[in-house]
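K.L.:
Below you'll find model06.pdb; it's PDB, C-alpha atoms.
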```
MODEL        1
ATOM      1  CA  MET A   1      -5.720 -25.884  17.815  1.00  0.00           C
ATOM      2  CA  SER A   2      -2.547 -27.580  16.625  1.00  0.00           C
ATOM      3  CA  GLY A   3      -1.200 -27.484  13.112  1.00  0.00           C
ATOM      4  CA  GLN A   4       1.709 -28.805  11.094  1.00  0.00           C
ATOM      5  CA  LEU A   5       3.689 -26.128   9.246  1.00  0.00           C
ATOM      6  CA  VAL A   6       5.197 -27.366   5.997  1.00  0.00           C
ATOM      7  CA  PHE A   7       7.661 -25.398   3.877  1.00  0.00           C
ATOM      8  CA  LEU A   8       7.576 -26.090   0.144  1.00  0.00           C
ATOM      9  CA  GLU A   9      10.661 -24.542  -1.439  1.00  0.00           C
ATOM     10  CA  ILE A  10       9.569 -23.654  -4.962  1.00  0.00           C
ATOM     11  CA  PRO A  11      10.168 -20.759  -7.391  1.00  0.00           C
ATOM     12  CA  GLU A  12       7.452 -18.123  -7.707  1.00  0.00           C
ATOM     13  CA  GLU A  13       6.487 -19.120 -11.243  1.00  0.00           C
ATOM     14  CA  GLU A  14       5.876 -22.731 -10.167  1.00  0.00           C
ATOM     15  CA  GLN A  15       3.885 -22.026  -7.021  1.00  0.00           C
ATOM     16  CA  ASP A  16       0.414 -22.017  -8.592  1.00  0.00           C
ATOM     17  CA  ALA A  17       0.972 -25.476 -10.043  1.00  0.00           C
ATOM     18  CA  MET A  18       2.099 -26.758  -6.632  1.00  0.00           C
ATOM     19  CA  LEU A  19      -0.945 -25.177  -4.993  1.00  0.00           C
ATOM     20  CA  LEU A  20      -3.296 -26.857  -7.456  1.00  0.00           C
ATOM     21  CA  SER A  21      -1.681 -30.267  -7.063  1.00  0.00           C
ATOM     22  CA  THR A  22      -0.319 -30.795  -3.571  1.00  0.00           C
ATOM     23  CA  VAL A  23      -2.009 -28.098  -1.469  1.00  0.00           C
ATOM     24  CA  ALA A  24      -5.448 -28.583  -3.046  1.00  0.00           C
ATOM     25  CA  ARG A  25      -5.177 -32.314  -2.324  1.00  0.00           C
ATOM     26  CA  TRP A  26      -4.322 -31.589   1.309  1.00  0.00           C
ATOM     27  CA  ALA A  27      -7.263 -29.166   1.497  1.00  0.00           C
ATOM     28  CA  ALA A  28      -9.582 -31.958   0.370  1.00  0.00           C
ATOM     29  CA  GLU A  29      -8.348 -34.023   3.330  1.00  0.00           C
ATOM     30  CA  GLY A  30      -8.725 -31.372   6.056  1.00  0.00           C
ATOM     31  CA  PRO A  31      -8.312 -27.684   6.984  1.00  0.00           C
ATOM     32  CA  VAL A  32      -5.345 -26.043   5.270  1.00  0.00           C
ATOM     33  CA  SER A  33      -4.023 -22.518   4.873  1.00  0.00           C
ATOM     34  CA  PHE A  34      -0.994 -21.130   3.087  1.00  0.00           C
ATOM     35  CA  LEU A  35       1.055 -17.998   2.503  1.00  0.00           C
ATOM     36  CA  ARG A  36       3.748 -17.195  -0.043  1.00  0.00           C
ATOM     37  CA  ALA A  37       7.229 -16.047   1.066  1.00  0.00           C
ATOM     38  CA  ASN A  38      10.397 -15.006  -0.744  1.00  0.00           C
ATOM     39  CA  LYS A  39      12.997 -14.784   2.038  1.00  0.00           C
ATOM     40  CA  PRO A  40      15.479 -16.378   2.248  1.00  0.00           C
ATOM     41  CA  ASN A  41      14.111 -18.255  -0.783  1.00  0.00           C
ATOM     42  CA  TRP A  42      10.788 -18.474  -2.589  1.00  0.00           C
ATOM     43  CA  ARG A  43       8.533 -20.933  -0.816  1.00  0.00           C
ATOM     44  CA  LEU A  44       4.995 -21.796   0.191  1.00  0.00           C
ATOM     45  CA  GLU A  45       4.295 -21.908   3.923  1.00  0.00           C
ATOM     46  CA  VAL A  46       1.442 -24.372   4.366  1.00  0.00           C
ATOM     47  CA  THR A  47      -0.328 -25.123   7.652  1.00  0.00           C
ATOM     48  CA  ARG A  48      -2.301 -28.361   7.959  1.00  0.00           C
ATOM     49  CA  TYR A  49      -4.618 -28.154  10.966  1.00  0.00           C
ATOM     50  CA  SER A  50      -5.929 -30.889  13.203  1.00  0.00           C
ATOM     51  CA  GLY A  51      -9.198 -30.378  15.042  1.00  0.00           C
ATOM     52  CA  THR A  52     -11.494 -27.385  14.760  1.00  0.00           C
ATOM     53  CA  PRO A  53      -9.852 -24.108  13.677  1.00  0.00           C
ATOM     54  CA  ASN A  54     -10.188 -21.039  15.873  1.00  0.00           C
ATOM     55  CA  SER A  55     -11.659 -17.900  14.298  1.00  0.00           C
ATOM     56  CA  ALA A  56      -8.383 -16.567  12.870  1.00  0.00           C
ATOM     57  CA  GLU A  57      -7.413 -20.001  11.543  1.00  0.00           C
ATOM     58  CA  ALA A  58     -10.881 -20.534  10.072  1.00  0.00           C
ATOM     59  CA  ASP A  59     -10.568 -17.234   8.221  1.00  0.00           C
ATOM     60  CA  ALA A  60      -7.201 -18.296   6.773  1.00  0.00           C
ATOM     61  CA  VAL A  61      -8.707 -21.650   5.736  1.00  0.00           C
ATOM     62  CA  ALA A  62     -11.675 -19.907   4.070  1.00  0.00           C
ATOM     63  CA  ASP A  63      -9.399 -17.522   2.205  1.00  0.00           C
ATOM     64  CA  THR A  64      -7.164 -20.383   1.086  1.00  0.00           C
ATOM     65  CA  ALA A  65     -10.219 -22.258  -0.215  1.00  0.00           C
ATOM     66  CA  LEU A  66     -11.322 -19.218  -2.225  1.00  0.00           C
ATOM     67  CA  VAL A  67      -7.872 -18.683  -3.721  1.00  0.00           C
ATOM     68  CA  LEU A  68      -7.497 -22.371  -4.640  1.00  0.00           C
ATOM     69  CA  ASP A  69     -10.901 -22.217  -6.331  1.00  0.00           C
ATOM     70  CA  LEU A  70      -9.937 -19.080  -8.280  1.00  0.00           C
ATOM     71  CA  LEU A  71      -6.621 -20.633  -9.342  1.00  0.00           C
ATOM     72  CA  ALA A  72      -8.365 -23.824 -10.474  1.00  0.00           C
ATOM     73  CA  ARG A  73     -10.881 -21.901 -12.558  1.00  0.00           C
ATOM     74  CA  GLU A  74      -8.126 -19.732 -13.987  1.00  0.00           C
ATOM     75  CA  ARG A  75      -6.084 -22.820 -14.924  1.00  0.00           C
ATOM     76  CA  ALA A  76      -9.159 -24.457 -16.508  1.00  0.00           C
ATOM     77  CA  GLY A  77      -9.717 -21.433 -18.738  1.00  0.00           C
ATOM     78  CA  HIS A  78     -12.959 -20.300 -17.117  1.00  0.00           C
ATOM     79  CA  PRO A  79     -13.630 -16.548 -16.906  1.00  0.00           C
ATOM     80  CA  VAL A  80     -11.855 -15.132 -13.860  1.00  0.00           C
ATOM     81  CA  ALA A  81     -11.092 -11.486 -13.119  1.00  0.00           C
ATOM     82  CA  GLN A  82      -7.496 -10.344 -13.107  1.00  0.00           C
ATOM     83  CA  ARG A  83      -5.917 -10.848  -9.711  1.00  0.00           C
ATOM     84  CA  ARG A  84      -5.462  -7.155  -9.003  1.00  0.00           C
ATOM     85  CA  GLU A  85      -9.140  -6.626  -9.756  1.00  0.00           C
ATOM     86  CA  ILE A  86      -9.979  -9.407  -7.291  1.00  0.00           C
ATOM     87  CA  VAL A  87      -7.917  -7.585  -4.651  1.00  0.00           C
ATOM     88  CA  LEU A  88      -9.727  -4.296  -5.375  1.00  0.00           C
ATOM     89  CA  VAL A  89     -13.073  -6.058  -4.929  1.00  0.00           C
ATOM     90  CA  ALA A  90     -11.792  -7.566  -1.677  1.00  0.00           C
ATOM     91  CA  MET A  91     -10.791  -4.092  -0.440  1.00  0.00           C
ATOM     92  CA  GLU A  92     -14.288  -2.775  -1.058  1.00  0.00           C
ATOM     93  CA  THR A  93     -15.891  -5.853   0.497  1.00  0.00           C
ATOM     94  CA  VAL A  94     -13.710  -5.785   3.614  1.00  0.00           C
ATOM     95  CA  ALA A  95     -14.482  -2.089   4.122  1.00  0.00           C
ATOM     96  CA  ARG A  96     -18.202  -2.839   3.844  1.00  0.00           C
ATOM     97  CA  ARG A  97     -18.124  -5.914   6.079  1.00  0.00           C
ATOM     98  CA  LEU A  98     -16.131  -4.087   8.786  1.00  0.00           C
ATOM     99  CA  ARG A  99     -18.361  -1.019   8.426  1.00  0.00           C
ATOM    100  CA  LEU A 100     -15.387   1.299   8.094  1.00  0.00           C
ATOM    101  CA  SER A 101     -16.185   4.987   8.323  1.00  0.00           C
ATOM    102  CA  PRO A 102     -14.832   7.210   5.514  1.00  0.00           C
ATOM    103  CA  ALA A 103     -11.993   8.313   7.811  1.00  0.00           C
ATOM    104  CA  GLU A 104     -11.170   4.724   8.802  1.00  0.00           C
ATOM    105  CA  GLU A 105     -11.163   3.650   5.170  1.00  0.00           C
ATOM    106  CA  ARG A 106      -8.748   6.431   4.245  1.00  0.00           C
ATOM    107  CA  ASP A 107      -6.524   5.578   7.240  1.00  0.00           C
ATOM    108  CA  TRP A 108      -6.448   1.941   6.127  1.00  0.00           C
ATOM    109  CA  HIS A 109      -5.506   2.696   2.544  1.00  0.00           C
ATOM    110  CA  ARG A 110      -3.008   5.376   3.606  1.00  0.00           C
ATOM    111  CA  ALA A 111      -1.256   2.853   5.851  1.00  0.00           C
ATOM    112  CA  GLY A 112      -1.226   0.436   2.925  1.00  0.00           C
ATOM    113  CA  TYR A 113       0.908   2.655   0.701  1.00  0.00           C
ATOM    114  CA  THR A 114       2.920   5.076   2.870  1.00  0.00           C
ATOM    115  CA  TRP A 115       5.648   2.510   3.505  1.00  0.00           C
ATOM    116  CA  ALA A 116       6.543   2.803  -0.195  1.00  0.00           C
ATOM    117  CA  LEU A 117       6.987   6.560   0.229  1.00  0.00           C
ATOM    118  CA  ARG A 118       9.137   6.115   3.330  1.00  0.00           C
ATOM    119  CA  LEU A 119      11.412   3.740   1.441  1.00  0.00           C
ATOM    120  CA  GLY A 120      11.657   6.110  -1.528  1.00  0.00           C
ATOM    121  CA  ARG A 121      10.029   3.631  -3.910  1.00  0.00           C
ATOM    122  CA  TRP A 122       7.940   6.326  -5.607  1.00  0.00           C
ATOM    123  CA  GLU A 123       9.791   9.430  -6.730  1.00  0.00           C
ATOM    124  CA  ASP A 124       8.075  12.507  -8.192  1.00  0.00           C
ATOM    125  CA  ALA A 125       7.717  10.859 -11.585  1.00  0.00           C
ATOM    126  CA  GLY A 126       6.261   7.769  -9.940  1.00  0.00           C
ATOM    127  CA  MET A 127       3.680   9.819  -8.066  1.00  0.00           C
ATOM    128  CA  ALA A 128       2.719  11.632 -11.252  1.00  0.00           C
ATOM    129  CA  ALA A 129       2.299   8.267 -12.978  1.00  0.00           C
ATOM    130  CA  LEU A 130       0.106   7.022 -10.122  1.00  0.00           C
ATOM    131  CA  GLU A 131      -2.100  10.095 -10.371  1.00  0.00           C
ATOM    132  CA  ALA A 132      -2.395   9.607 -14.130  1.00  0.00           C
ATOM    133  CA  ARG A 133      -3.291   5.959 -13.573  1.00  0.00           C
ATOM    134  CA  PHE A 134      -5.950   6.903 -11.035  1.00  0.00           C
ATOM    135  CA  ALA A 135      -7.513   9.398 -13.441  1.00  0.00           C
ATOM    136  CA  ALA A 136      -7.516   6.826 -16.232  1.00  0.00           C
ATOM    137  CA  LEU A 137      -8.870   3.972 -14.116  1.00  0.00           C
ATOM    138  CA  ARG A 138     -11.336   5.795 -11.845  1.00  0.00           C
ATOM    139  CA  ALA A 139     -14.437   5.102 -13.954  1.00  0.00           C
ATOM    140  CA  GLY A 140     -13.435   1.467 -14.495  1.00  0.00           C
ATOM    141  CA  ILE A 141     -12.794   0.950 -10.772  1.00  0.00           C
ATOM    142  CA  ASP A 142     -16.202   2.423  -9.953  1.00  0.00           C
ATOM    143  CA  GLU A 143     -17.852   0.096 -12.453  1.00  0.00           C
ATOM    144  CA  LEU A 144     -15.944  -2.922 -11.125  1.00  0.00           C
ATOM    145  CA  LEU A 145     -16.937  -2.211  -7.531  1.00  0.00           C
ATOM    146  CA  ARG A 146     -20.594  -1.616  -8.396  1.00  0.00           C
ATOM    147  CA  ALA A 147     -20.937  -5.094  -9.896  1.00  0.00           C
ATOM    148  CA  PRO A 148     -22.597  -7.834  -7.793  1.00  0.00           C
ATOM    149  CA  LEU A 149     -20.127  -9.848  -5.776  1.00  0.00           C
ATOM    150  CA  GLU A 150     -19.444 -13.339  -7.083  1.00  0.00           C
ATOM    151  CA  GLN A 151     -21.019 -15.989  -4.848  1.00  0.00           C
ATOM    152  CA  THR A 152     -17.744 -17.671  -3.875  1.00  0.00           C
ATOM    153  CA  GLN A 153     -16.315 -14.327  -2.821  1.00  0.00           C
ATOM    154  CA  GLU A 154     -19.509 -13.449  -0.960  1.00  0.00           C
ATOM    155  CA  ASN A 155     -19.261 -16.748   0.896  1.00  0.00           C
ATOM    156  CA  ARG A 156     -15.631 -16.150   1.783  1.00  0.00           C
ATOM    157  CA  TRP A 157     -16.206 -12.706   3.322  1.00  0.00           C
ATOM    158  CA  SER A 158     -19.549 -13.522   4.960  1.00  0.00           C
ATOM    159  CA  GLY A 159     -17.879 -14.435   8.252  1.00  0.00           C
ATOM    160  CA  VAL A 160     -16.096 -11.082   8.550  1.00  0.00           C
ATOM    161  CA  PHE A 161     -17.779  -8.546  10.810  1.00  0.00           C
ATOM    162  CA  ARG A 162     -16.849  -5.632  13.021  1.00  0.00           C
ATOM    163  CA  ARG A 163     -15.944  -6.597  16.567  1.00  0.00           C
ATOM    164  CA  GLU A 164     -15.772  -4.252  19.523  1.00  0.00           C
ATOM    165  CA  GLY A 165     -12.593  -2.269  19.756  1.00  0.00           C
ATOM    166  CA  SER A 166     -10.874   0.957  18.815  1.00  0.00           C
ATOM    167  CA  SER A 167     -10.895   2.400  15.343  1.00  0.00           C
ATOM    168  CA  GLU A 168      -7.174   1.603  15.132  1.00  0.00           C
ATOM    169  CA  SER A 169      -7.784  -2.084  15.847  1.00  0.00           C
ATOM    170  CA  VAL A 170     -10.473  -2.257  13.160  1.00  0.00           C
ATOM    171  CA  VAL A 171      -8.143  -0.645  10.613  1.00  0.00           C
ATOM    172  CA  ALA A 172      -5.397  -3.110  11.622  1.00  0.00           C
ATOM    173  CA  ALA A 173      -7.833  -6.013  11.158  1.00  0.00           C
ATOM    174  CA  ALA A 174      -8.679  -4.778   7.669  1.00  0.00           C
ATOM    175  CA  GLN A 175      -4.987  -4.532   6.811  1.00  0.00           C
ATOM    176  CA  SER A 176      -4.292  -8.069   8.041  1.00  0.00           C
ATOM    177  CA  LEU A 177      -7.224  -9.589   6.149  1.00  0.00           C
ATOM    178  CA  LEU A 178      -6.419  -7.849   2.892  1.00  0.00           C
ATOM    179  CA  SER A 179      -2.653  -8.325   2.925  1.00  0.00           C
ATOM    180  CA  SER A 180      -3.016 -12.074   3.504  1.00  0.00           C
ATOM    181  CA  HIS A 181      -5.590 -12.307   0.697  1.00  0.00           C
ATOM    182  CA  ALA A 182      -3.354 -10.380  -1.720  1.00  0.00           C
ATOM    183  CA  ASN A 183      -0.351 -12.526  -0.753  1.00  0.00           C
ATOM    184  CA  ARG A 184      -2.232 -15.759  -1.461  1.00  0.00           C
ATOM    185  CA  LEU A 185      -3.207 -14.416  -4.878  1.00  0.00           C
ATOM    186  CA  GLY A 186       0.409 -13.517  -5.617  1.00  0.00           C
ATOM    187  CA  VAL A 187      -0.237  -9.762  -5.524  1.00  0.00           C
ATOM    188  CA  PHE A 188       2.803  -8.686  -3.559  1.00  0.00           C
ATOM    189  CA  ALA A 189       3.776  -5.636  -1.526  1.00  0.00           C
ATOM    190  CA  GLU A 190       4.337  -2.874  -4.104  1.00  0.00           C
ATOM    191  CA  ALA A 191       1.436  -3.927  -6.313  1.00  0.00           C
ATOM    192  CA  GLU A 192      -0.779  -4.029  -3.228  1.00  0.00           C
ATOM    193  CA  ALA A 193       0.475  -0.565  -2.217  1.00  0.00           C
ATOM    194  CA  ILE A 194      -0.498   0.822  -5.632  1.00  0.00           C
ATOM    195  CA  LEU A 195      -3.999  -0.594  -5.230  1.00  0.00           C
ATOM    196  CA  HIS A 196      -4.231   0.979  -1.770  1.00  0.00           C
ATOM    197  CA  TYR A 197      -3.236   4.335  -3.250  1.00  0.00           C
ATOM    198  CA  LEU A 198      -5.914   4.094  -5.930  1.00  0.00           C
ATOM    199  CA  MET A 199      -8.534   3.238  -3.314  1.00  0.00           C
ATOM    200  CA  PHE A 200      -7.276   6.012  -1.010  1.00  0.00           C
ATOM    201  CA  ARG A 201      -7.833   8.541  -3.766  1.00  0.00           C
ATOM    202  CA  ARG A 202     -11.243   7.041  -4.586  1.00  0.00           C
ATOM    203  CA  ALA A 203     -12.175   7.362  -0.885  1.00  0.00           C
ATOM    204  CA  GLY A 204     -11.522  11.117  -1.045  1.00  0.00           C
ATOM    205  CA  GLY A 205      -7.898  11.200   0.026  1.00  0.00           C
ATOM    206  CA  GLU A 206      -5.775  14.070  -1.265  1.00  0.00           C
ATOM    207  CA  PRO A 207      -2.969  13.351  -3.762  1.00  0.00           C
ATOM    208  CA  ALA A 208       0.101  12.221  -1.842  1.00  0.00           C
ATOM    209  CA  GLU A 209       3.301  14.197  -1.870  1.00  0.00           C
ATOM    210  CA  ASN A 210       6.586  12.368  -2.358  1.00  0.00           C
ATOM    211  CA  SER A 211       6.868  11.882   1.412  1.00  0.00           C
ATOM    212  CA  PRO A 212       4.800   9.942   3.961  1.00  0.00           C
TER     213      PRO A 212
ENDMDL
END
```
Mind converting the file's structure to structure tokens?
P.N.:
Amino acid sequence: MSGQLVFLEIPEEEQDAMLLSTVARWAAEGPVSFLRANKPNWRLEVTRYSGTPNSAEADAVADTALVLDLLARERAGHPVAQRREIVLVAMETVARRLRLSPAEERDWHRAGYTWALRLGRWEDAGMAALEARFAALRAGIDELLRAPLEQTQENRWSGVFRREGSSESVVAAAQSLLSSHANRLGVFAEAEAILHYLMFRRAGGEPAENSP
């Protein structure tokens, strides 16, 4: 399938407004997906498709539709969960839809945060703060993830299922799905890594040392 890639150079704080005006209008006219980028400058990378999307493109279109809907409801003042909570729910849902084993789930979340350790983003004090945050939030995370999934989110993830392949490929698929979803919501790399660490610990992973 062919698509037209459009770059919209726009500061981070103005991106949601652009998404709700221009990109939402394009989405009403045909299949659209987007990602946010900050190098070399902040911009939206929007793909407008022609024809029928393939499976990967259809997933990006479905995720874009969900995020545009969430942003519209948020802008209209309707009750919407905080974006990091939405990402946590997505993590749980992706793990369930891909039928990740406990070991696969831990591998996924470990891969989602270890880059921050390799780059020295989290020193000893940072790790201690993360452990304190996990202890404080554990009950709330459990309650959040026990709640019924909102229908729009259920619809978005309903097309995700486990395909044949190695455990490593399934974990990589989970990482790709989640990272794109978090990016579209504006939950960027380090915030996403923190959420992965919280979910790693919830999945039974041992507290991380200050090294990968």
K.L.:
Which residue out of A:Arg48, A:Pro207, A:Ser33, A:Ala17 has the minimum interatomic distance to A:Gln4 when all atoms listed in the file are used?
P.N.:
A:Arg48
K.L.:
Do you know which residues are at most 6 Å from A:Ala62 counting all atoms listed in the file, after dropping those on the same chain fewer than 3 positions away, and could you put them as a CSV table (one decimal) with C-alpha atoms, in the frame of the given file?
P.N.:
```
chain,number,residue,atom,x,y,z
A,59,ASP,CA,-10.6,-17.2,8.2
A,65,ALA,CA,-10.2,-22.3,-0.2
A,156,ARG,CA,-15.6,-16.2,1.8
```
K.L.:
Using Å and a single decimal, report how far atom CA of A:Pro148 sits from atom CA of A:Glu57.
P.N.:
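It comes out at 27.4 Å.
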K.L.:
Put a box with edges along x, y and z around all the listed atoms of stretch 125-141 of chain A, pad it by 5 Å on each side, then give me its centre and sizes in Å, one decimal, as lines of an AutoDock Vina configuration file.
P.N.:
```
center_x = -3.4
center_y = 6.3
center_z = -12.1
size_x = 32.2
size_y = 20.7
size_z = 18.2
```
K.L.:
Under the PyMOL selection byres ((chain A and resi 23) around 12), which residues of this model are included? Write them out as a count of residues only.
P.N.:
36
K.L.:
Would you compute the distance between atom CA of A:Gly120 and atom CA of A:Ile141? Give it in Å to one decimal.
P.N.:
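Spanning atom CA of A:Gly120 to atom CA of A:Ile141 is a straight-line distance of 26.6 Å.
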K.L.:
With all atoms listed in the file as the counted atoms, please give the residues lying no more than 12 Å from A:Arg163, apart from itself and same-chain residues fewer than 2 positions off, as a ChimeraX atom specification.
P.N.:
/A:97-100,159-161,165-167,169-171,173-174
K.L.:
Quick one: of A:Ser50, A:Leu137, A:Asp63, A:His181, who's nearest to A:Met199, counting all atoms listed in the file?
P.N.:
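Under the stated criterion, the closest residue is A:Leu137.
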K.L.:
Hey, what comes out of the PyMOL selection byres ((chain A and resi 150) around 12) on this file? Could you write it as a PyMOL selection string?
P.N.:
chain A and resi 66+70+79-81+86+89-90+93+144-149+151-157
K.L.:
Go ahead and save the picked residues with C-alpha atoms, as a PDB file, keeping the file's coordinate frame.
P.N.:
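Heads up, here's the output in result.pdb:
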```pdb
ATOM      1  CA  LEU A  66     -11.322 -19.218  -2.225  1.00  0.00           C
ATOM      2  CA  LEU A  70      -9.937 -19.080  -8.280  1.00  0.00           C
ATOM      3  CA  PRO A  79     -13.630 -16.548 -16.906  1.00  0.00           C
ATOM      4  CA  VAL A  80     -11.855 -15.132 -13.860  1.00  0.00           C
ATOM      5  CA  ALA A  81     -11.092 -11.486 -13.119  1.00  0.00           C
ATOM      6  CA  ILE A  86      -9.979  -9.407  -7.291  1.00  0.00           C
ATOM      7  CA  VAL A  89     -13.073  -6.058  -4.929  1.00  0.00           C
ATOM      8  CA  ALA A  90     -11.792  -7.566  -1.677  1.00  0.00           C
ATOM      9  CA  THR A  93     -15.891  -5.853   0.497  1.00  0.00           C
ATOM     10  CA  LEU A 144     -15.944  -2.922 -11.125  1.00  0.00           C
ATOM     11  CA  LEU A 145     -16.937  -2.211  -7.531  1.00  0.00           C
ATOM     12  CA  ARG A 146     -20.594  -1.616  -8.396  1.00  0.00           C
ATOM     13  CA  ALA A 147     -20.937  -5.094  -9.896  1.00  0.00           C
ATOM     14  CA  PRO A 148     -22.597  -7.834  -7.793  1.00  0.00           C
ATOM     15  CA  LEU A 149     -20.127  -9.848  -5.776  1.00  0.00           C
ATOM     16  CA  GLN A 151     -21.019 -15.989  -4.848  1.00  0.00           C
ATOM     17  CA  THR A 152     -17.744 -17.671  -3.875  1.00  0.00           C
ATOM     18  CA  GLN A 153     -16.315 -14.327  -2.821  1.00  0.00           C
ATOM     19  CA  GLU A 154     -19.509 -13.449  -0.960  1.00  0.00           C
ATOM     20  CA  ASN A 155     -19.261 -16.748   0.896  1.00  0.00           C
ATOM     21  CA  ARG A 156     -15.631 -16.150   1.783  1.00  0.00           C
ATOM     22  CA  TRP A 157     -16.206 -12.706   3.322  1.00  0.00           C
TER      23      TRP A 157
END
```
